[in-house]
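S.K.: Handing over my_file.txt, compact mmCIF, C-alpha atoms (C1' of nucleotides).
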# COMPACT_ATOMS: atom_id res chain seq x y z
CA MET T 1 110.42 106.75 85.61
CA GLU T 2 109.06 109.78 87.46
CA ASP T 3 106.21 109.45 89.93
CA GLU T 4 103.85 111.84 91.69
CA VAL T 5 106.21 112.21 94.64
CA ASP T 6 109.00 113.41 92.35
CA ARG T 7 106.65 116.15 91.18
CA LEU T 8 105.58 116.89 94.73
CA VAL T 9 109.16 117.22 95.96
CA ALA T 10 110.12 119.41 93.02
CA ALA T 11 107.18 121.68 93.78
CA TRP T 12 108.21 122.07 97.39
CA ARG T 13 111.81 122.85 96.42
CA ARG T 14 110.50 125.63 94.21
CA GLU T 15 108.03 126.99 96.76
CA ARG T 16 109.96 126.42 99.96
CA PRO T 17 113.65 126.29 99.08
CA ASP T 18 114.37 127.03 102.72
CA LEU T 19 113.10 123.62 103.84
CA ASP T 20 114.74 120.21 103.49
CA VAL T 21 111.92 118.05 102.19
CA GLU T 22 114.00 114.94 101.64
CA PRO T 23 112.00 112.89 104.19
CA LEU T 24 109.03 113.07 101.84
CA GLU T 25 110.93 111.07 99.24
CA VAL T 26 110.48 108.03 101.44
CA LEU T 27 107.42 108.57 103.58
CA SER T 28 105.10 110.18 101.06
CA ARG T 29 105.81 107.25 98.78
CA VAL T 30 104.94 104.84 101.55
CA SER T 31 101.62 106.56 102.22
CA ARG T 32 100.67 106.91 98.59
CA LEU T 33 101.67 103.36 97.72
CA ALA T 34 99.57 102.08 100.61
CA ARG T 35 96.55 103.91 99.24
CA HIS T 36 97.11 102.47 95.79
CA LEU T 37 97.41 99.00 97.31
CA ASP T 38 94.17 99.49 99.25
CA ARG T 39 92.33 100.34 96.08
CA ALA T 40 93.79 97.42 94.19
CA ARG T 41 92.96 95.03 97.02
CA ARG T 42 89.39 96.30 97.24
CA ILE T 43 88.88 95.65 93.54
CA ALA T 44 90.51 92.22 93.64
CA PHE T 45 88.58 91.05 96.71
CA ALA T 46 85.28 92.23 95.29
CA GLU T 47 85.32 89.15 93.05
CA HIS T 48 85.12 87.02 96.18
CA HIS T 49 82.53 89.34 97.78
CA LEU T 50 85.09 90.14 100.43
CA GLU T 51 86.08 93.50 101.91
CA PRO T 52 89.71 94.26 102.78
CA TRP T 53 88.85 94.56 106.46
CA GLU T 54 87.24 91.11 106.38
CA PHE T 55 90.36 89.69 104.80
CA ASP T 56 92.54 91.22 107.49
CA VAL T 57 90.58 89.64 110.32
CA LEU T 58 90.02 86.25 108.71
CA THR T 59 93.65 85.80 107.71
CA SER T 60 94.90 86.86 111.12
CA LEU T 61 92.87 84.02 112.59
CA ARG T 62 93.85 81.62 109.84
CA ARG T 63 97.56 81.98 110.36
CA ALA T 64 97.21 81.60 114.12
CA GLY T 65 96.87 77.91 113.32
CA SER T 66 94.39 75.38 114.64
CA PRO T 67 92.02 75.97 116.39
CA TYR T 68 92.09 79.31 114.57
CA GLN T 69 91.21 81.52 117.47
CA LEU T 70 92.56 84.76 118.93
CA SER T 71 91.35 87.31 121.43
CA PRO T 72 90.04 90.66 120.18
CA GLY T 73 93.10 92.23 121.78
CA GLN T 74 95.46 90.07 119.76
CA LEU T 75 93.54 90.97 116.63
CA LEU T 76 94.04 94.66 117.44
CA THR T 77 97.81 94.43 117.33
CA GLN T 78 97.67 92.57 114.04
CA THR T 79 95.23 94.85 112.27
CA LEU T 80 96.10 98.24 113.81
CA VAL T 81 92.53 99.35 114.40
CA THR T 82 90.88 100.55 117.61
CA SER T 83 88.96 98.31 119.94
CA GLY T 84 85.59 99.75 118.96
CA THR T 85 86.32 99.01 115.33
CA MET T 86 87.26 95.44 116.15
CA THR T 87 84.09 94.87 118.17
CA ASN T 88 82.11 96.04 115.17
CA ARG T 89 84.08 93.86 112.75
CA ILE T 90 83.59 90.77 114.87
CA ASP T 91 79.87 91.49 115.08
CA ARG T 92 79.54 91.70 111.33
CA LEU T 93 81.68 88.64 110.64
CA THR T 94 79.63 86.71 113.17
CA LYS T 95 76.42 87.62 111.36
CA LYS T 96 77.95 86.28 108.16
CA ASN T 97 78.92 83.04 109.91
CA LEU T 98 82.61 83.53 109.19
CA VAL T 99 83.67 83.71 112.85
CA GLU T 100 82.12 82.96 116.21
CA ARG T 101 82.66 84.38 119.67
CA LEU T 102 83.51 82.06 122.55
CA PRO T 103 84.07 82.89 126.20
CA ASP T 104 87.72 82.73 127.23
CA PRO T 105 87.90 79.84 129.73
CA THR T 106 90.83 81.42 131.57
CA ASP T 107 89.59 85.01 131.92
CA ARG T 108 85.99 85.94 132.39
CA ARG T 109 86.56 89.41 130.92
CA GLY T 110 87.91 87.84 127.80
CA VAL T 111 86.55 86.51 124.56
CA LEU T 112 87.99 84.27 121.90
CA VAL T 113 87.15 84.77 118.26
CA ARG T 114 87.23 81.58 116.25
CA LEU T 115 87.11 81.01 112.53
CA THR T 116 84.25 78.88 111.25
CA ALA T 117 84.89 76.31 108.54
CA GLU T 118 83.39 78.71 106.04
CA GLY T 119 85.61 81.50 107.32
CA ARG T 120 88.68 79.35 106.97
CA ASP T 121 87.83 78.56 103.36
CA LYS T 122 87.38 82.24 102.56
CA ALA T 123 90.72 83.05 104.15
CA ASP T 124 92.56 80.40 102.18
CA GLN T 125 90.97 81.29 98.88
CA SER T 126 91.51 85.01 99.16
CA LEU T 127 95.11 84.73 100.33
CA ALA T 128 96.09 83.02 97.10
CA GLY T 129 94.40 85.80 95.15
CA LEU T 130 96.17 88.50 97.11
CA LEU T 131 99.57 86.92 96.59
CA ALA T 132 99.01 86.72 92.85
CA GLN T 133 98.14 90.38 92.71
CA GLU T 134 101.10 91.39 94.86
CA ARG T 135 103.50 89.37 92.74
CA ALA T 136 102.29 91.30 89.72
CA ILE T 137 102.91 94.62 91.45
CA LEU T 138 106.36 93.53 92.60
CA GLY T 139 107.23 92.31 89.14
CA GLU T 140 109.05 95.60 88.74
CA LEU T 141 111.72 94.47 91.17
CA SER T 142 114.35 91.75 91.09
CA ARG T 143 114.50 89.21 93.86
CA GLN T 144 117.46 90.99 95.35
CA GLN T 145 115.77 94.36 95.24
CA ARG T 146 112.75 92.95 97.02
CA GLY T 147 115.03 91.69 99.74
CA GLU T 148 116.73 95.05 100.13
CA LEU T 149 113.40 96.82 100.21
CA ALA T 150 112.01 94.48 102.85
CA GLY T 151 115.10 95.00 104.99
CA LEU T 152 114.96 98.78 104.80
CA LEU T 153 111.26 98.84 105.56
CA ARG T 154 111.78 96.56 108.54
CA GLN T 155 114.08 99.14 110.08
CA LEU T 156 111.22 101.63 109.97
CA THR T 157 108.44 99.34 111.15
CA ALA T 158 110.33 97.61 113.95
CA PRO T 159 110.29 100.61 116.31
CA PHE T 160 106.52 100.90 115.93
CA ASP T 161 105.95 97.18 116.40
CA ASN T 162 108.19 96.81 119.44
CA VAL T 163 107.11 99.59 121.77
CA PRO T 164 104.04 99.90 124.00
CA GLY T 165 102.49 102.46 121.60
CA MET R 166 115.25 93.70 114.95
CA GLU R 167 112.17 91.63 114.29
CA ASP R 168 108.87 93.25 113.39
CA GLU R 169 105.26 92.15 113.17
CA VAL R 170 105.62 91.20 109.52
CA ASP R 171 108.45 88.80 110.35
CA ARG R 172 106.09 87.04 112.74
CA LEU R 173 103.28 87.14 110.19
CA VAL R 174 105.42 85.60 107.48
CA ALA R 175 106.74 82.92 109.81
CA ALA R 176 103.17 82.03 110.75
CA TRP R 177 102.14 81.64 107.12
CA ARG R 178 105.19 79.45 106.39
CA ARG R 179 104.10 77.18 109.19
CA GLU R 180 100.41 77.13 108.24
CA ARG R 181 100.67 77.25 104.47
CA PRO R 182 104.08 75.86 103.51
CA ASP R 183 102.68 75.28 100.03
CA LEU R 184 102.45 79.03 99.32
CA ASP R 185 105.23 81.49 98.54
CA VAL R 186 104.41 84.42 100.78
CA GLU R 187 107.53 86.42 100.00
CA PRO R 188 105.53 89.33 98.50
CA LEU R 189 104.18 90.06 101.97
CA GLU R 190 107.68 90.91 103.17
CA VAL R 191 107.46 94.10 101.15
CA LEU R 192 103.81 94.99 100.75
CA SER R 193 102.53 94.14 104.21
CA ARG R 194 105.26 96.33 105.59
CA VAL R 195 104.20 99.16 103.33
CA SER R 196 100.57 98.91 104.45
CA ARG R 197 101.38 98.59 108.13
CA LEU R 198 103.94 101.39 108.09
CA ALA R 199 101.40 103.65 106.39
CA ARG R 200 98.93 102.98 109.19
CA HIS R 201 101.54 103.76 111.81
CA LEU R 202 102.38 106.97 109.98
CA ASP R 203 98.72 107.96 109.84
CA ARG R 204 98.41 107.57 113.57
CA ALA R 205 101.58 109.52 114.24
CA ARG R 206 100.50 112.30 111.91
CA ARG R 207 97.08 112.52 113.52
CA ILE R 208 98.66 112.96 116.93
CA ALA R 209 101.21 115.50 115.71
CA PHE R 210 98.69 117.62 113.82
CA ALA R 211 96.29 117.67 116.74
CA GLU R 212 98.56 120.26 118.36
CA HIS R 213 97.75 122.61 115.50
CA HIS R 214 94.05 121.63 115.54
CA LEU R 215 94.52 120.18 112.09
CA GLU R 216 93.31 116.86 110.68
CA PRO R 217 95.49 114.85 108.31
CA TRP R 218 92.98 115.25 105.52
CA GLU R 219 93.05 119.02 105.96
CA PHE R 220 96.83 118.98 105.77
CA ASP R 221 96.71 117.00 102.53
CA VAL R 222 94.44 119.46 100.79
CA LEU R 223 96.04 122.64 102.10
CA THR R 224 99.57 121.56 101.25
CA SER R 225 98.55 120.43 97.77
CA LEU R 226 97.33 123.95 97.13
CA ARG R 227 100.32 125.52 98.85
CA ARG R 228 102.90 123.80 96.71
CA ALA R 229 101.01 124.63 93.53
CA GLY R 230 102.52 128.10 94.01
CA SER R 231 100.88 131.48 93.71
CA PRO R 232 97.96 132.04 93.33
CA TYR R 233 97.59 128.76 95.26
CA GLN R 234 94.68 127.33 93.34
CA LEU R 235 93.85 123.96 91.78
CA SER R 236 90.72 122.31 90.41
CA PRO R 237 88.99 119.64 92.49
CA GLY R 238 90.06 117.16 89.83
CA GLN R 239 93.72 118.05 90.27
CA LEU R 240 93.32 117.68 94.01
CA LEU R 241 91.93 114.18 93.45
CA THR R 242 95.07 112.92 91.78
CA GLN R 243 97.21 114.39 94.54
CA THR R 244 95.23 113.07 97.47
CA LEU R 245 93.91 109.77 96.05
CA VAL R 246 90.37 110.18 97.32
CA THR R 247 87.09 110.02 95.41
CA SER R 248 85.32 113.06 94.02
CA GLY R 249 82.54 112.91 96.61
CA THR R 250 85.12 112.96 99.37
CA MET R 251 86.85 115.96 97.85
CA THR R 252 83.60 117.91 97.50
CA ASN R 253 82.97 117.29 101.18
CA ARG R 254 86.51 118.31 102.15
CA ILE R 255 86.31 121.54 100.19
CA ASP R 256 82.97 122.33 101.81
CA ARG R 257 84.39 121.93 105.28
CA LEU R 258 87.59 123.85 104.55
CA THR R 259 85.49 126.64 103.08
CA LYS R 260 83.44 126.87 106.27
CA LYS R 261 86.68 127.22 108.22
CA ASN R 262 87.86 129.97 105.87
CA LEU R 263 90.95 128.05 104.84
CA VAL R 264 90.01 127.81 101.15
CA GLU R 265 87.49 129.41 98.83
CA ARG R 266 85.75 128.22 95.68
CA LEU R 267 85.96 130.28 92.49
CA PRO R 268 84.39 129.63 89.10
CA ASP R 269 86.86 128.45 86.48
CA PRO R 270 86.96 131.24 83.88
CA THR R 271 87.82 128.79 81.09
CA ASP R 272 85.26 126.03 81.74
CA ARG R 273 81.82 126.67 83.09
CA ARG R 274 81.60 123.16 84.58
CA GLY R 275 84.76 123.76 86.49
CA VAL R 276 85.72 125.22 89.81
CA LEU R 277 88.98 126.46 91.24
CA VAL R 278 89.84 125.99 94.88
CA ARG R 279 92.05 128.71 96.27
CA LEU R 280 93.93 128.92 99.54
CA THR R 281 93.07 131.86 101.77
CA ALA R 282 95.84 133.73 103.59
CA GLU R 283 94.89 131.86 106.73
CA GLY R 284 94.99 128.55 104.87
CA ARG R 285 98.43 129.33 103.53
CA ASP R 286 99.74 130.04 107.02
CA LYS R 287 98.35 126.77 108.32
CA ALA R 288 99.96 124.88 105.46
CA ASP R 289 103.35 126.43 106.04
CA GLN R 290 103.31 125.90 109.79
CA SER R 291 102.18 122.31 109.68
CA LEU R 292 104.60 121.28 106.96
CA ALA R 293 107.55 122.16 109.15
CA GLY R 294 106.05 120.06 111.94
CA LEU R 295 105.51 117.08 109.68
CA LEU R 296 109.06 117.19 108.38
CA ALA R 297 110.45 117.23 111.91
CA GLN R 298 108.41 114.18 112.81
CA GLU R 299 109.39 112.34 109.65
CA ARG R 300 113.05 113.06 110.19
CA ALA R 301 112.77 111.44 113.60
CA ILE R 302 111.18 108.34 112.13
CA LEU R 303 113.82 108.12 109.41
CA GLY R 304 116.59 108.58 111.91
CA GLU R 305 116.96 104.82 111.77
CA LEU R 306 118.41 105.08 108.27
CA SER R 307 121.58 106.57 106.83
CA ARG R 308 121.37 109.12 104.07
CA GLN R 309 122.38 106.49 101.56
CA GLN R 310 119.78 104.03 102.79
CA ARG R 311 117.07 106.66 102.49
CA GLY R 312 118.11 107.21 98.90
CA GLU R 313 117.99 103.51 98.10
CA LEU R 314 114.63 103.16 99.76
CA ALA R 315 113.17 106.10 97.86
CA GLY R 316 114.43 104.66 94.59
CA LEU R 317 112.99 101.23 95.20
CA LEU R 318 109.64 102.65 96.24
CA ARG R 319 109.54 104.85 93.17
CA GLN R 320 109.66 101.74 91.01
CA LEU R 321 106.50 100.54 92.69
CA THR R 322 104.59 103.83 92.72
CA ALA R 323 105.45 104.96 89.21
CA PRO R 324 103.17 102.44 87.44
CA PHE R 325 100.23 103.59 89.55
CA ASP R 326 100.98 107.27 89.05
CA ASN R 327 101.48 107.05 85.30
CA VAL R 328 98.44 105.16 84.03
CA PRO R 329 94.83 106.28 83.56
CA GLY R 330 93.73 104.18 86.54
C1' DT I 331 75.43 123.49 63.18
C1' DT I 332 74.16 119.58 65.74
C1' DC I 333 74.24 116.03 68.83
C1' DA I 334 76.40 111.99 70.98
C1' DA I 335 79.96 110.95 73.81
C1' DG I 336 83.09 112.64 77.18
C1' DT I 337 84.34 115.35 81.30
C1' DG I 338 84.15 117.85 85.87
C1' DT I 339 81.79 118.39 89.95
C1' DC I 340 78.29 117.51 93.17
C1' DT I 341 74.53 114.67 95.59
C1' DT I 342 72.91 110.79 98.01
C1' DG I 343 72.75 107.02 101.18
C1' DA I 344 75.15 103.38 103.35
C1' DC I 345 78.72 102.25 106.17
C1' DA I 346 83.36 101.83 108.56
C1' DT I 347 86.20 104.17 111.66
C1' DC I 348 87.63 106.68 115.67
C1' DA I 349 87.94 108.73 120.50
C1' DA I 350 86.28 108.58 124.84
C1' DG I 351 84.29 106.44 128.33
C1' DA I 352 81.58 102.53 130.70
C1' DT I 353 81.64 98.01 132.61
C1' DA I 354 83.21 93.80 134.37
C1' DC I 355 86.92 91.26 135.79
C1' DC I 356 91.78 90.24 137.30
C1' DT I 357 96.07 90.86 140.17
C1' DC I 358 98.84 91.69 143.81
C1' DG I 359 100.61 94.16 147.78
C1' DG I 360 99.57 94.61 152.46
C1' DC P 361 91.10 88.54 152.48
C1' DC P 362 90.64 93.25 150.76
C1' DG P 363 90.82 96.98 147.74
C1' DA P 364 93.31 99.91 144.33
C1' DG P 365 94.94 99.96 140.06
C1' DG P 366 95.31 97.60 135.73
C1' DT P 367 93.24 95.15 131.77
C1' DA P 368 89.81 93.35 128.13
C1' DT P 369 85.97 94.32 125.71
C1' DC P 370 82.02 96.81 124.42
C1' DT P 371 79.03 101.13 123.84
C1' DT P 372 78.10 105.59 122.12
C1' DG P 373 77.98 109.49 119.08
C1' DA P 374 80.24 112.06 115.63
C1' DT P 375 82.38 112.02 111.46
C1' DG P 376 84.85 110.84 107.05
C1' DT P 377 84.78 107.92 103.13
C1' DC P 378 83.05 105.45 99.29
C1' DA P 379 80.24 103.89 95.13
C1' DA P 380 76.95 105.13 92.10
C1' DG P 381 74.68 108.17 89.68
C1' DA P 382 72.83 113.02 88.47
C1' DC P 383 73.67 117.23 86.20
C1' DA P 384 75.68 120.77 83.45
C1' DC P 385 78.91 121.83 80.27
C1' DT P 386 82.44 120.81 76.48
C1' DT P 387 84.26 118.58 72.44
C1' DG P 388 84.61 116.69 68.02
C1' DA P 389 82.83 114.33 64.03
C1' DA P 390 79.55 114.54 60.46
Could you spell out this file's structure in structure tokens?
M.R.:
Amino acid sequence: MEDEVDRLVAAWRRERPDLDVEPLEVLSRVSRLARHLDRARRIAFAEHHLEPWEFDVLTSLRRAGSPYQLSPGQLLTQTLVTSGTMTNRIDRLTKKNLVERLPDPTDRRGVLVRLTAEGRDKADQSLAGLLAQERAILGELSRQQRGELAGLLRQLTAPFDNVPG
Amino acid sequence: MEDEVDRLVAAWRRERPDLDVEPLEVLSRVSRLARHLDRARRIAFAEHHLEPWEFDVLTSLRRAGSPYQLSPGQLLTQTLVTSGTMTNRIDRLTKKNLVERLPDPTDRRGVLVRLTAEGRDKADQSLAGLLAQERAILGELSRQQRGELAGLLRQLTAPFDNVPG
DNA sequence: TTCAAGTGTCTTGACATCAAGATACCTCGG
DNA sequence: CCGAGGTATCTTGATGTCAAGACACTTGAA
């Protein structure tokens, strides 16, 4: 089955036969698929009155384990947003009583963000929904193919996740 | 090499051993890698005073081939943004003299967006830069692995690219 | 021919994000 | 103990995106 990237690559080979556009076969698909996933997540979460960005923060805290708290800095590395964005997210989640801010007892510069009981419930409910949706999307692939895909993707993400940048 | 998704999955298996979180091995990596790629592209394009969204529009028109014009609707399916966003993008690119708007001779509702000579140059220059960066990122993988990865990703993107949605 | 439904683009208003920089605090060598 | 450099978080201002709906035009069935 052809996809939009096949058409895109064919167009470049016609227009710029001097260039080797093979990298696009992988990375354009990654970018486009991520956008499709964002859309699908937004629609699915809307049933729970939850935005994707809320899900990202709440589940990061949820999987930290009891007492469900992380510093804003730790949340940054998990969600890949800037610090200003995270400050804003925490503000809004606090207003909705899904998280609360506590002073870090070991560092007076620091803050700890903790899930409320309500926030924990939202995280648990929405995770199940997300997994159901993702299973449907991955239905195209066999178990073995999913494993191969995960392994290949890990080789690309690991360098980003393991350097200062 | 371990990545952030390995840690994320391990955390869920500890916190929610009742759930099968295997789908995250693939799709969380796709989302996170896309965010890393966005960041890297933004930095790389900044040298050419170009924003990623500008690149997306200009190159869509460039690879359409002479006379380098598409309707806003066609640009939507290529860039996966909403129509309001595309109107705004075309406005800004027009102000910078990179594209121009023409009436569609066959449909009075319609518009054609055409690349200017300057826009075409920008597209050609920045594409070469993007490919160089992407080749560096993909350096982790052998030629065969890149082929496998592209094929597996195509199976996931094709359903999105070939339905009305 | 006519008009109801469909289509393509644009407008509006709310909002999330980012980059850059400010502020307060910590750390560690001397 | 001091101070310089590093770190954690927040503030600010600009900007890009989205959802929803308005508007003009096209299409096709009667």
S.K.: What are the closest atom pairs, with distances in Å to one decimal, for each residue of chain R lying within 12 Å of chain P, using all atoms listed in the file, rows by chain and rising residue number, as a Markdown table?
M.R.:
| residue | atom | partner | partner_atom | distance |
| --- | --- | --- | --- | --- |
| R:Glu216 | CA | P:DG376 | C1' | 11.0 |
| R:Pro217 | CA | P:DG376 | C1' | 11.4 |
| R:Trp218 | CA | P:DG376 | C1' | 9.4 |
| R:Glu219 | CA | P:DG376 | C1' | 11.6 |
| R:Leu245 | CA | P:DT377 | C1' | 11.7 |
| R:Val246 | CA | P:DT377 | C1' | 8.4 |
| R:Thr247 | CA | P:DC378 | C1' | 7.2 |
| R:Ser248 | CA | P:DC378 | C1' | 9.5 |
| R:Gly249 | CA | P:DC378 | C1' | 7.9 |
| R:Thr250 | CA | P:DT377 | C1' | 6.3 |
| R:Met251 | CA | P:DT377 | C1' | 9.8 |
| R:Thr252 | CA | P:DT377 | C1' | 11.5 |
| R:Asn253 | CA | P:DG376 | C1' | 8.9 |
| R:Arg254 | CA | P:DG376 | C1' | 9.1 |
| R:Arg257 | CA | P:DG376 | C1' | 11.2 |
| R:Thr271 | CA | P:DT386 | C1' | 10.7 |
| R:Asp272 | CA | P:DC385 | C1' | 7.8 |
| R:Arg273 | CA | P:DC385 | C1' | 6.3 |
| R:Arg274 | CA | P:DC385 | C1' | 5.3 |
| R:Gly275 | CA | P:DC385 | C1' | 8.8 |
S.K.: Would you put the residues from that selection into a file with C-alpha atoms, as an mmCIF file, in the frame of the given file?
M.R.:
data_model
loop_
_atom_site.group_PDB
_atom_site.id
_atom_site.type_symbol
_atom_site.label_atom_id
_atom_site.label_comp_id
_atom_site.auth_asym_id
_atom_site.auth_seq_id
_atom_site.Cartn_x
_atom_site.Cartn_y
_atom_site.Cartn_z
ATOM 1 C CA GLU R 216 93.310 116.860 110.680
ATOM 2 C CA PRO R 217 95.490 114.850 108.310
ATOM 3 C CA TRP R 218 92.980 115.250 105.520
ATOM 4 C CA GLU R 219 93.050 119.020 105.960
ATOM 5 C CA LEU R 245 93.910 109.770 96.050
ATOM 6 C CA VAL R 246 90.370 110.180 97.320
ATOM 7 C CA THR R 247 87.090 110.020 95.410
ATOM 8 C CA SER R 248 85.320 113.060 94.020
ATOM 9 C CA GLY R 249 82.540 112.910 96.610
ATOM 10 C CA THR R 250 85.120 112.960 99.370
ATOM 11 C CA MET R 251 86.850 115.960 97.850
ATOM 12 C CA THR R 252 83.600 117.910 97.500
ATOM 13 C CA ASN R 253 82.970 117.290 101.180
ATOM 14 C CA ARG R 254 86.510 118.310 102.150
ATOM 15 C CA ARG R 257 84.390 121.930 105.280
ATOM 16 C CA THR R 271 87.820 128.790 81.090
ATOM 17 C CA ASP R 272 85.260 126.030 81.740
ATOM 18 C CA ARG R 273 81.820 126.670 83.090
ATOM 19 C CA ARG R 274 81.600 123.160 84.580
ATOM 20 C CA GLY R 275 84.760 123.760 86.490
#
S.K.: What are the residues of chain I that have an atom within 10 Å of an atom of chain R, counting all atoms listed in the file, as a short mmCIF file (atom, residue, chain, number, x, y, z; two decimals) with C-alpha atoms (C1' of nucleotides), keeping the file's coordinate frame?
M.R.:
data_model
loop_
_atom_site.label_atom_id
_atom_site.label_comp_id
_atom_site.auth_asym_id
_atom_site.auth_seq_id
_atom_site.Cartn_x
_atom_site.Cartn_y
_atom_site.Cartn_z
"C1'" DT I 337 84.34 115.35 81.30
"C1'" DG I 338 84.15 117.85 85.87
"C1'" DT I 339 81.79 118.39 89.95
"C1'" DC I 340 78.29 117.51 93.17
"C1'" DT I 341 74.53 114.67 95.59
"C1'" DT I 342 72.91 110.79 98.01
#
S.K.: Based on only C-alpha atoms, which of the residues in chain T come within 8 Å of chain R? I want them as a PyMOL selection string.
M.R.: chain T and resi 1-4+8+11-12+15+19+21+23-27+29-37+63-65+78+80+128+131+134-135+137-138+140-141+145-146+149-150+152-158+160-162
S.K.: When you draw a straight line from CA of Lys260 (chain R) to C1' of DA346 (chain I), how long is it in Å?
M.R.: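 Here the two named atoms are 25.1 Å from each other.
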S.K.: In Å, how far is it from CA of Thr94 (chain T) to CA of His48 (chain T)?
M.R.: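 Separation between CA of Thr94 (chain T) and CA of His48 (chain T): 17.9 Å.
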S.K.: For the atom pair CA of Asp269 (chain R) and C1' of DT332 (chain I), what is the interatomic distance in Å to one decimal place?
M.R.: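 Atom-to-atom, CA of Asp269 (chain R) to C1' of DT332 (chain I), that is 25.9 Å.
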